[in-house]
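Peer 1: This is structure-v4.cif (mmCIF, C-alpha atoms and all ligand atoms).
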```cif
data_my_file
loop_
_atom_site.label_atom_id
_atom_site.label_comp_id
_atom_site.auth_asym_id
_atom_site.auth_seq_id
_atom_site.Cartn_x
_atom_site.Cartn_y
_atom_site.Cartn_z
CA MET A 1 114.84 151.27 54.49
CA SER A 2 114.07 148.90 51.63
CA SER A 3 110.69 147.16 51.30
CA THR A 4 112.42 144.29 49.46
CA ARG A 5 111.85 140.87 50.99
CA VAL A 6 114.93 139.11 52.34
CA ALA A 7 115.96 135.49 52.94
CA LEU A 8 119.06 134.46 54.88
CA VAL A 9 120.98 131.18 55.05
CA THR A 10 123.62 130.42 57.70
CA GLY A 11 126.78 128.44 56.91
CA ALA A 12 126.22 128.96 53.21
CA ASN A 13 129.73 129.14 51.73
CA LYS A 14 129.62 125.43 50.81
CA GLY A 15 127.69 122.19 51.01
CA LEU A 16 123.99 122.19 51.65
CA GLY A 17 123.80 125.88 52.62
CA PHE A 18 125.38 126.92 49.33
CA ALA A 19 122.88 124.77 47.39
CA ILE A 20 120.00 126.29 49.38
CA VAL A 21 121.19 129.82 48.52
CA ARG A 22 121.45 128.92 44.84
CA ASP A 23 117.86 127.61 44.80
CA LEU A 24 116.56 130.61 46.75
CA CYS A 25 118.29 132.99 44.32
CA GLN A 26 116.32 131.28 41.55
CA GLN A 27 112.97 131.02 43.34
CA PHE A 28 112.65 133.59 46.15
CA GLN A 29 111.11 136.96 45.30
CA GLY A 30 113.59 139.25 47.05
CA ASP A 31 117.19 139.49 48.23
CA VAL A 32 119.06 136.38 49.35
CA LEU A 33 121.81 136.78 51.94
CA LEU A 34 124.59 134.21 51.80
CA THR A 35 126.26 134.25 55.20
CA ALA A 36 129.52 132.60 56.26
CA ARG A 37 131.78 132.81 59.30
CA ASP A 38 134.82 133.39 57.10
CA GLU A 39 134.52 136.48 54.93
CA ALA A 40 136.90 135.26 52.20
CA ARG A 41 135.16 131.89 51.85
CA GLY A 42 131.77 133.61 51.84
CA ARG A 43 132.73 136.16 49.19
CA ALA A 44 134.26 133.43 47.01
CA ALA A 45 130.95 131.55 47.21
CA VAL A 46 129.03 134.70 46.22
CA GLN A 47 131.35 135.15 43.25
CA GLN A 48 130.75 131.57 42.17
CA LEU A 49 127.00 132.19 42.11
CA GLN A 50 127.48 135.55 40.36
CA ALA A 51 129.34 133.69 37.62
CA GLU A 52 126.11 131.68 37.17
CA GLY A 53 124.16 134.93 36.76
CA LEU A 54 122.71 134.90 40.29
CA LYS A 55 122.84 137.83 42.71
CA PRO A 56 123.18 136.81 46.36
CA ARG A 57 124.36 139.41 48.87
CA PHE A 58 126.99 138.59 51.46
CA HIS A 59 127.05 139.18 55.22
CA GLN A 60 129.48 137.73 57.73
CA LEU A 61 127.94 135.49 60.41
CA ASP A 62 129.64 133.22 62.90
CA ILE A 63 126.81 131.60 64.82
CA THR A 64 129.05 131.02 67.86
CA ASP A 65 129.84 134.74 68.14
CA LEU A 66 127.11 136.85 69.71
CA GLN A 67 128.66 140.09 68.43
CA SER A 68 128.59 138.75 64.89
CA ILE A 69 124.93 137.69 65.26
CA ARG A 70 123.99 141.10 66.65
CA ALA A 71 125.82 142.95 63.87
CA LEU A 72 123.75 140.95 61.38
CA ARG A 73 120.57 141.65 63.34
CA ASP A 74 121.27 145.39 63.23
CA PHE A 75 122.03 145.23 59.50
CA LEU A 76 118.72 143.44 58.83
CA SER A 77 116.73 145.92 60.92
CA LYS A 78 118.31 148.90 59.24
CA GLU A 79 118.27 147.66 55.64
CA TYR A 80 115.10 145.60 55.53
CA GLY A 81 113.15 146.36 58.72
CA GLY A 82 113.18 142.63 59.53
CA LEU A 83 113.61 139.23 57.94
CA ASP A 84 111.27 137.11 55.80
CA VAL A 85 113.05 133.75 55.63
CA LEU A 86 115.67 132.32 57.99
CA VAL A 87 117.39 129.01 57.21
CA ASN A 88 119.52 127.82 60.14
CA ASN A 89 121.84 125.51 58.25
CA ALA A 90 125.30 126.04 59.79
CA GLY A 91 126.53 122.97 61.61
CA ILE A 92 129.52 120.77 62.34
CA GLY A 93 130.20 117.13 63.09
CA PHE A 94 133.32 115.19 64.03
CA LYS A 95 134.06 112.31 61.66
CA THR A 96 133.30 108.79 62.87
CA GLY A 97 136.43 107.42 64.50
CA ASP A 98 137.91 110.85 65.25
CA PRO A 99 140.20 110.32 68.28
CA THR A 100 139.25 113.65 69.93
CA PRO A 101 137.95 112.89 73.46
CA ILE A 102 134.16 112.76 73.69
CA ALA A 103 134.05 115.63 76.21
CA ILE A 104 135.69 117.96 73.70
CA GLN A 105 133.57 116.68 70.82
CA ALA A 106 130.46 117.26 72.91
CA GLU A 107 131.41 120.79 73.95
CA VAL A 108 132.51 121.92 70.48
CA THR A 109 129.57 120.37 68.62
CA MET A 110 127.01 121.63 71.12
CA LYS A 111 128.46 125.15 70.95
CA THR A 112 127.77 125.37 67.21
CA ASN A 113 124.84 123.10 66.42
CA PHE A 114 122.59 123.78 69.38
CA LEU A 115 123.78 126.83 71.33
CA GLY A 116 124.79 128.77 68.19
CA THR A 117 121.53 128.00 66.42
CA ARG A 118 119.62 128.99 69.55
CA ASP A 119 121.50 132.31 69.81
CA VAL A 120 120.70 133.09 66.17
CA CYS A 121 117.04 132.36 66.87
CA THR A 122 117.00 134.44 70.04
CA GLU A 123 118.36 137.46 68.15
CA LEU A 124 116.63 137.03 64.78
CA LEU A 125 113.22 135.48 65.49
CA PRO A 126 111.90 138.81 66.83
CA LEU A 127 112.72 140.26 63.39
CA ILE A 128 110.75 137.67 61.44
CA LYS A 129 107.95 139.37 59.57
CA SER A 130 104.35 138.30 59.28
CA ARG A 131 104.08 135.10 57.16
CA GLY A 132 107.83 134.59 57.56
CA ARG A 133 109.39 131.14 57.32
CA VAL A 134 112.03 129.61 59.58
CA VAL A 135 113.82 126.36 58.76
CA ASN A 136 116.12 124.65 61.25
CA VAL A 137 118.30 122.02 59.56
CA SER A 138 118.38 119.11 61.98
CA SER A 139 119.11 115.45 61.28
CA GLY A 140 117.62 111.99 61.52
CA MET A 141 120.71 111.23 63.58
CA GLY A 142 118.98 113.17 66.34
CA PHE A 143 116.26 110.58 66.48
CA LYS A 144 118.78 107.77 66.50
CA ALA A 145 120.42 109.43 69.51
CA LEU A 146 117.04 109.99 71.19
CA GLU A 147 116.17 106.32 70.86
CA SER A 148 119.43 105.53 72.66
CA CYS A 149 118.65 107.86 75.60
CA SER A 150 117.31 106.47 78.88
CA PRO A 151 113.49 106.33 79.23
CA GLU A 152 113.66 109.23 81.72
CA LEU A 153 115.57 111.45 79.31
CA GLN A 154 113.32 110.44 76.41
CA GLN A 155 110.27 111.36 78.42
CA LYS A 156 111.69 114.83 79.15
CA LEU A 157 112.87 115.43 75.57
CA ARG A 158 109.64 114.21 73.98
CA SER A 159 107.45 116.22 76.37
CA GLU A 160 104.99 118.61 74.73
CA THR A 161 105.51 121.11 77.53
CA ILE A 162 109.32 121.17 77.86
CA THR A 163 110.56 124.79 78.06
CA GLU A 164 113.54 126.30 76.23
CA GLU A 165 115.33 126.76 79.56
CA GLU A 166 114.80 123.10 80.46
CA LEU A 167 116.10 122.03 77.06
CA VAL A 168 119.20 124.24 77.36
CA GLY A 169 119.74 122.77 80.84
CA LEU A 170 119.62 119.23 79.44
CA MET A 171 121.97 120.00 76.55
CA ASN A 172 124.47 121.64 78.93
CA LYS A 173 124.12 118.69 81.28
CA PHE A 174 125.07 116.30 78.46
CA VAL A 175 128.31 118.26 77.91
CA GLU A 176 129.03 118.35 81.67
CA ASP A 177 128.28 114.63 81.99
CA THR A 178 130.78 113.80 79.22
CA LYS A 179 133.40 115.91 81.03
CA ASN A 180 132.76 114.04 84.27
CA GLY A 181 132.79 110.67 82.52
CA VAL A 182 129.21 109.91 83.61
CA HIS A 183 127.17 110.53 80.44
CA ARG A 184 126.32 106.84 79.94
CA LYS A 185 125.37 106.42 83.60
CA GLU A 186 123.17 109.53 83.24
CA GLY A 187 121.32 107.98 80.30
CA TRP A 188 123.02 109.62 77.31
CA PRO A 189 124.40 107.88 74.19
CA ASP A 190 127.96 108.37 72.89
CA HIS A 191 126.68 110.10 69.75
CA THR A 192 127.52 113.76 70.39
CA TYR A 193 126.35 115.06 66.97
CA GLY A 194 123.07 113.20 67.39
CA VAL A 195 122.45 114.71 70.84
CA THR A 196 123.03 118.23 69.47
CA LYS A 197 120.47 117.53 66.74
CA ILE A 198 117.96 116.29 69.33
CA GLY A 199 118.43 119.79 70.73
CA VAL A 200 117.76 121.43 67.34
CA THR A 201 114.55 119.45 66.74
CA VAL A 202 113.16 119.93 70.25
CA LEU A 203 114.10 123.63 70.13
CA SER A 204 112.13 123.95 66.88
CA ARG A 205 109.04 122.42 68.49
CA ILE A 206 109.34 124.80 71.44
CA GLN A 207 109.88 127.86 69.24
CA ALA A 208 106.93 127.00 67.02
CA ARG A 209 104.73 126.66 70.10
CA LYS A 210 105.92 130.05 71.38
CA LEU A 211 105.28 131.71 68.01
CA SER A 212 101.74 130.30 67.94
CA GLU A 213 101.09 131.54 71.47
CA GLN A 214 102.69 134.97 71.14
CA ARG A 215 102.29 135.85 67.45
CA GLY A 216 99.62 133.46 66.19
CA GLY A 217 98.08 136.11 63.93
CA ASP A 218 101.35 136.54 62.04
CA LYS A 219 101.10 133.04 60.56
CA ILE A 220 104.85 132.45 60.77
CA LEU A 221 105.75 128.84 59.98
CA LEU A 222 108.81 127.32 61.72
CA ASN A 223 109.96 123.76 61.20
CA ALA A 224 112.89 121.42 61.66
CA CYS A 225 113.95 119.19 58.80
CA CYS A 226 116.35 116.49 57.75
CA PRO A 227 117.88 116.97 54.30
CA GLY A 228 118.69 113.25 53.99
CA TRP A 229 122.22 111.93 53.57
CA VAL A 230 123.98 114.49 51.38
CA ARG A 231 127.43 114.47 49.75
CA THR A 232 129.28 117.32 51.44
CA ASP A 233 132.55 117.83 53.31
CA MET A 234 130.71 116.70 56.45
CA THR A 235 129.81 113.30 55.06
CA GLY A 236 131.96 112.45 52.04
CA PRO A 237 131.32 111.02 48.58
CA LYS A 238 129.33 107.91 49.58
CA ALA A 239 126.21 109.81 50.62
CA HIS A 240 123.10 109.25 48.50
CA LYS A 241 122.09 112.79 47.59
CA SER A 242 123.71 115.67 45.76
CA PRO A 243 123.63 119.01 47.64
CA LYS A 244 120.92 120.13 45.19
CA GLU A 245 118.75 117.15 46.12
CA GLY A 246 119.48 117.73 49.82
CA ALA A 247 118.37 121.35 49.47
CA GLU A 248 114.88 120.36 48.28
CA THR A 249 113.20 119.95 51.66
CA PRO A 250 114.77 123.03 53.34
CA VAL A 251 113.88 125.15 50.27
CA TYR A 252 110.34 123.75 50.19
CA LEU A 253 109.90 124.84 53.83
CA ALA A 254 111.52 128.24 53.20
CA LEU A 255 109.13 128.91 50.32
CA LEU A 256 105.84 127.64 51.77
CA PRO A 257 103.18 129.82 50.10
CA SER A 258 102.01 132.87 52.04
CA ASP A 259 98.53 131.38 52.61
CA ALA A 260 99.89 128.03 53.91
CA GLU A 261 98.57 127.01 57.34
CA GLY A 262 101.33 124.45 57.89
CA PRO A 263 103.46 122.55 58.44
CA HIS A 264 104.44 124.31 61.66
CA GLY A 265 106.48 122.94 64.57
CA GLN A 266 107.08 119.73 62.65
CA TYR A 267 110.00 117.56 61.69
CA VAL A 268 109.95 117.39 57.90
CA HIS A 269 111.72 114.85 55.72
CA GLU A 270 111.41 114.46 51.93
CA LYS A 271 108.95 117.41 51.98
CA LYS A 272 106.60 115.45 54.24
CA VAL A 273 105.85 115.77 57.92
CA ALA A 274 107.61 112.79 59.40
CA LYS A 275 107.25 111.07 62.69
CA TRP A 276 110.37 112.13 64.51
CA GLN A 277 112.20 108.89 63.82
CA PHE A 278 115.42 107.53 62.44
CA MET A 279 115.06 106.14 58.92
CA PRO A 280 117.95 103.72 58.38
CA GLN A 281 117.23 103.39 54.66
CA PHE A 282 118.51 106.95 54.21
CA TYR A 283 121.83 106.35 55.96
CA PRO A 284 124.63 103.77 55.68
P1 LIG B 1 129.42 121.23 55.40
O1 LIG B 1 129.63 121.06 53.94
O2 LIG B 1 130.50 120.87 56.34
O3 LIG B 1 128.96 122.76 55.63
C1 LIG B 1 128.77 123.27 56.92
C2 LIG B 1 128.67 124.76 56.81
O4 LIG B 1 128.45 125.31 58.13
C3 LIG B 1 129.96 125.41 56.28
O5 LIG B 1 129.63 126.50 55.47
C4 LIG B 1 130.64 125.88 57.56
O6 LIG B 1 131.52 126.96 57.37
C5 LIG B 1 129.41 126.32 58.33
N1 LIG B 1 129.68 126.57 59.75
C6 LIG B 1 130.27 125.75 60.65
N2 LIG B 1 130.38 126.37 61.83
C7 LIG B 1 129.87 127.62 61.67
C8 LIG B 1 129.73 128.75 62.51
N3 LIG B 1 130.14 128.74 63.78
N4 LIG B 1 129.14 129.88 62.00
C9 LIG B 1 128.72 129.91 60.73
N5 LIG B 1 128.87 128.89 59.87
C10 LIG B 1 129.43 127.76 60.34
O7 LIG B 1 128.16 120.37 55.89
P2 LIG B 1 126.71 120.17 55.28
O8 LIG B 1 126.53 118.72 55.08
O9 LIG B 1 126.45 121.10 54.17
O10 LIG B 1 125.82 120.55 56.55
C11 LIG B 1 124.85 121.59 56.55
C12 LIG B 1 123.82 121.29 57.63
O11 LIG B 1 123.11 120.10 57.28
C13 LIG B 1 124.42 121.01 59.01
O12 LIG B 1 123.60 121.58 60.01
C14 LIG B 1 124.38 119.49 59.10
O13 LIG B 1 124.36 119.05 60.44
C15 LIG B 1 123.08 119.21 58.38
N6 LIG B 1 122.91 117.86 57.90
C16 LIG B 1 123.73 117.37 56.91
C17 LIG B 1 123.54 116.08 56.46
C18 LIG B 1 124.39 115.49 55.37
O14 LIG B 1 124.18 114.32 55.03
N7 LIG B 1 125.34 116.24 54.79
C19 LIG B 1 122.51 115.27 56.98
C20 LIG B 1 121.68 115.81 57.98
C21 LIG B 1 121.90 117.10 58.41
P3 LIG B 1 133.13 126.75 57.16
O15 LIG B 1 133.33 126.44 55.69
O16 LIG B 1 133.68 128.07 57.56
O17 LIG B 1 133.56 125.62 58.03
#
```
For the structure just supplied, provide its representation as structure tokens.
Ligand code: NAP

Peer 2:
Amino acid sequence: MSSTRVALVTGANKGLGFAIVRDLCQQFQGDVLLTARDEARGRAAVQQLQAEGLKPRFHQLDITDLQSIRALRDFLSKEYGGLDVLVNNAGIGFKTGDPTPIAIQAEVTMKTNFLGTRDVCTELLPLIKSRGRVVNVSSGMGFKALESCSPELQQKLRSETITEEELVGLMNKFVEDTKNGVHRKEGWPDHTYGVTKIGVTVLSRIQARKLSEQRGGDKILLNACCPGWVRTDMTGPKAHKSPKEGAETPVYLALLPSDAEGPHGQYVHEKKVAKWQFMPQFYP
């Protein structure tokens, strides 16, 4: 087993994840794993970085496929005895105006953005080494969606004591409510992507709390962040930031120095702990 440190980025064959891998290759002391659900797209991305003189490694990972997550977990255990940095970047979003029924949009988006990210965390967080760093790429759109939830839902989702099981229950309920045509009556907004990102941010707060309780001495720092509005296939050319600029906050959190005491369990925007709020100046 190698004593080399290792950082891993999900959904890294393009967009923000690719830019994060490039920066980590330049700044992280250790191996950087570029992961992608599609092997050909992932290997092409690795080749592109190799042409720039960088040396990422590749491993397949589809975050909606438990077998794929577990194969990666076993690879990390065997090769590295754990994991130093995990960046949960993989995500999807239907385009505004997409005619797909909301129930399908909700189910598909939840499966990747929230449930997939949670499954990756369930399998890989136990591998995170002392002073490891975990970054969950969320979105300010989550706060916009939260502000549109009923007061009852907001109270539950903002609670400092909400459990992971309760959060999963609420996220699944949103999907069920869209299927039954009652999501508005039940206090949810129409913004499916935003609701999934509420899930990612609240999950991060819960996971950070658990790490502090169960492994406080290990000084692992886990945070959610918003990269800002970034020009990728998800958003299009009008967005304000280049992928490189969007990568700055996730990379900052991934590389927090080993003696850092924080941030931990926070929502970070522009490299600063932000109140969990929607900032319209960063979006159209
Ligand atoms: P993107 O260019 O569409 O890239 C998304 C990446 O996620 C792709 O590599 C995609 O792989 C991968 N992915 C999707 N489903 C996956 C799965 N099941 N397993 C593994 N990988 C999967 O979008 P992006 O803008 O870079 O988004 C990256 C993250 O930033 C997302 O979580 C997004 O919600 C978040 N974010 C983006 C913005 C923005 O303005 N762009 C703002 C806030 C938050 P394929 O190529 O195989 O589809």

Peer 1: For ligand LIG 1 (chain B), return the neighbouring residues as a PyMOL selection string (distance at most 6 Å; all atoms listed in the file).

Peer 2: chain A and resi 10-17+36-38+61-64+89-92+112+137-139+226-235

Peer 1: Those residues with C-alpha atoms, as an mmCIF file, in the coordinates of the input please?

Peer 2:
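Final file, out-v7.cif:
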```cif
data_model
loop_
_atom_site.group_PDB
_atom_site.id
_atom_site.type_symbol
_atom_site.label_atom_id
_atom_site.label_comp_id
_atom_site.auth_asym_id
_atom_site.auth_seq_id
_atom_site.Cartn_x
_atom_site.Cartn_y
_atom_site.Cartn_z
ATOM 1 C CA THR A 10 123.620 130.420 57.700
ATOM 2 C CA GLY A 11 126.780 128.440 56.910
ATOM 3 C CA ALA A 12 126.220 128.960 53.210
ATOM 4 C CA ASN A 13 129.730 129.140 51.730
ATOM 5 C CA LYS A 14 129.620 125.430 50.810
ATOM 6 C CA GLY A 15 127.690 122.190 51.010
ATOM 7 C CA LEU A 16 123.990 122.190 51.650
ATOM 8 C CA GLY A 17 123.800 125.880 52.620
ATOM 9 C CA ALA A 36 129.520 132.600 56.260
ATOM 10 C CA ARG A 37 131.780 132.810 59.300
ATOM 11 C CA ASP A 38 134.820 133.390 57.100
ATOM 12 C CA LEU A 61 127.940 135.490 60.410
ATOM 13 C CA ASP A 62 129.640 133.220 62.900
ATOM 14 C CA ILE A 63 126.810 131.600 64.820
ATOM 15 C CA THR A 64 129.050 131.020 67.860
ATOM 16 C CA ASN A 89 121.840 125.510 58.250
ATOM 17 C CA ALA A 90 125.300 126.040 59.790
ATOM 18 C CA GLY A 91 126.530 122.970 61.610
ATOM 19 C CA ILE A 92 129.520 120.770 62.340
ATOM 20 C CA THR A 112 127.770 125.370 67.210
ATOM 21 C CA VAL A 137 118.300 122.020 59.560
ATOM 22 C CA SER A 138 118.380 119.110 61.980
ATOM 23 C CA SER A 139 119.110 115.450 61.280
ATOM 24 C CA CYS A 226 116.350 116.490 57.750
ATOM 25 C CA PRO A 227 117.880 116.970 54.300
ATOM 26 C CA GLY A 228 118.690 113.250 53.990
ATOM 27 C CA TRP A 229 122.220 111.930 53.570
ATOM 28 C CA VAL A 230 123.980 114.490 51.380
ATOM 29 C CA ARG A 231 127.430 114.470 49.750
ATOM 30 C CA THR A 232 129.280 117.320 51.440
ATOM 31 C CA ASP A 233 132.550 117.830 53.310
ATOM 32 C CA MET A 234 130.710 116.700 56.450
ATOM 33 C CA THR A 235 129.810 113.300 55.060
#
```

Peer 1: Between A:Leu170, A:Val202, A:Val268, A:Val6, which one has atoms that come closest to A:Pro250, using only C-alpha atoms?

Peer 2: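 Selected residue with least distance to A:Pro250: A:Val268.
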
Peer 1: Show me, as an NGL selection string, the residues that have an atom within 8 Å of A:Leu8 when counting all atoms listed in the file, minus same-chain residues fewer than 4 positions from it.

Peer 2: :A and (32-35 or 83 or 85-87)

Peer 1: Using all atoms listed in the file, what table do you get, as a Markdown table, when you list each residue of stretch 86-163 of chain A with an atom no more than 10 Å from stretch 203-217 of chain A, its nearest pair of atoms, and their distance in Å rounded to one decimal, rows by chain then rising number?

Peer 2:
```
| residue | atom | partner | partner_atom | distance |
| --- | --- | --- | --- | --- |
| A:Phe114 | CA | A:Leu203 | CA | 8.5 |
| A:Thr117 | CA | A:Leu203 | CA | 9.4 |
| A:Arg118 | CA | A:Leu203 | CA | 7.7 |
| A:Cys121 | CA | A:Gln207 | CA | 8.8 |
| A:Thr122 | CA | A:Gln207 | CA | 9.7 |
| A:Leu125 | CA | A:Gln207 | CA | 9.1 |
| A:Pro126 | CA | A:Leu211 | CA | 9.8 |
| A:Ser130 | CA | A:Gly217 | CA | 8.1 |
| A:Arg131 | CA | A:Gly217 | CA | 9.1 |
| A:Val134 | CA | A:Ser204 | CA | 9.2 |
| A:Val135 | CA | A:Ser204 | CA | 8.6 |
| A:Asn136 | CA | A:Ser204 | CA | 6.9 |
| A:Val137 | CA | A:Ser204 | CA | 9.8 |
| A:Ser138 | CA | A:Ser204 | CA | 9.3 |
| A:Leu157 | CA | A:Leu203 | CA | 9.9 |
| A:Arg158 | CA | A:Arg205 | CA | 9.9 |
| A:Glu160 | CA | A:Ile206 | CA | 8.3 |
| A:Thr161 | CA | A:Ile206 | CA | 8.1 |
| A:Ile162 | CA | A:Ile206 | CA | 7.4 |
| A:Thr163 | CA | A:Ile206 | CA | 6.7 |
```

Peer 1: One decimal, in Å: what's the spacing between atom CA of A:Gln47 and atom CA of A:Phe28?

Peer 2: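 According to the coordinates, atom CA of A:Gln47 and atom CA of A:Phe28 are separated by 19.0 Å.
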
Peer 1: Hey, can you check how far atom CA of A:Arg73 sits from atom CA of A:Val120?

Peer 2: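 Rounded to one decimal, the two atoms are 9.0 Å apart.
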
Peer 1: Would you mind reading off the distance between atom CA of A:Gln266 and atom CA of A:Lys219, one decimal, in Å?

Peer 2: 14.7 Å

Peer 1: When you count only C-alpha atoms, which of these residues is closest to A:Phe174: A:Ser258, A:Ser159, A:Ser77, A:Thr196?

Peer 2: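 Nearest candidate to A:Phe174 out of A:Ser258, A:Ser159, A:Ser77, A:Thr196: A:Thr196.
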
Peer 1: Taking only C-alpha atoms into account, which of A:Ile102, A:Val195, A:Gly140, A:Ala145 comes nearest A:Asn180?

Peer 2: A:Ile102
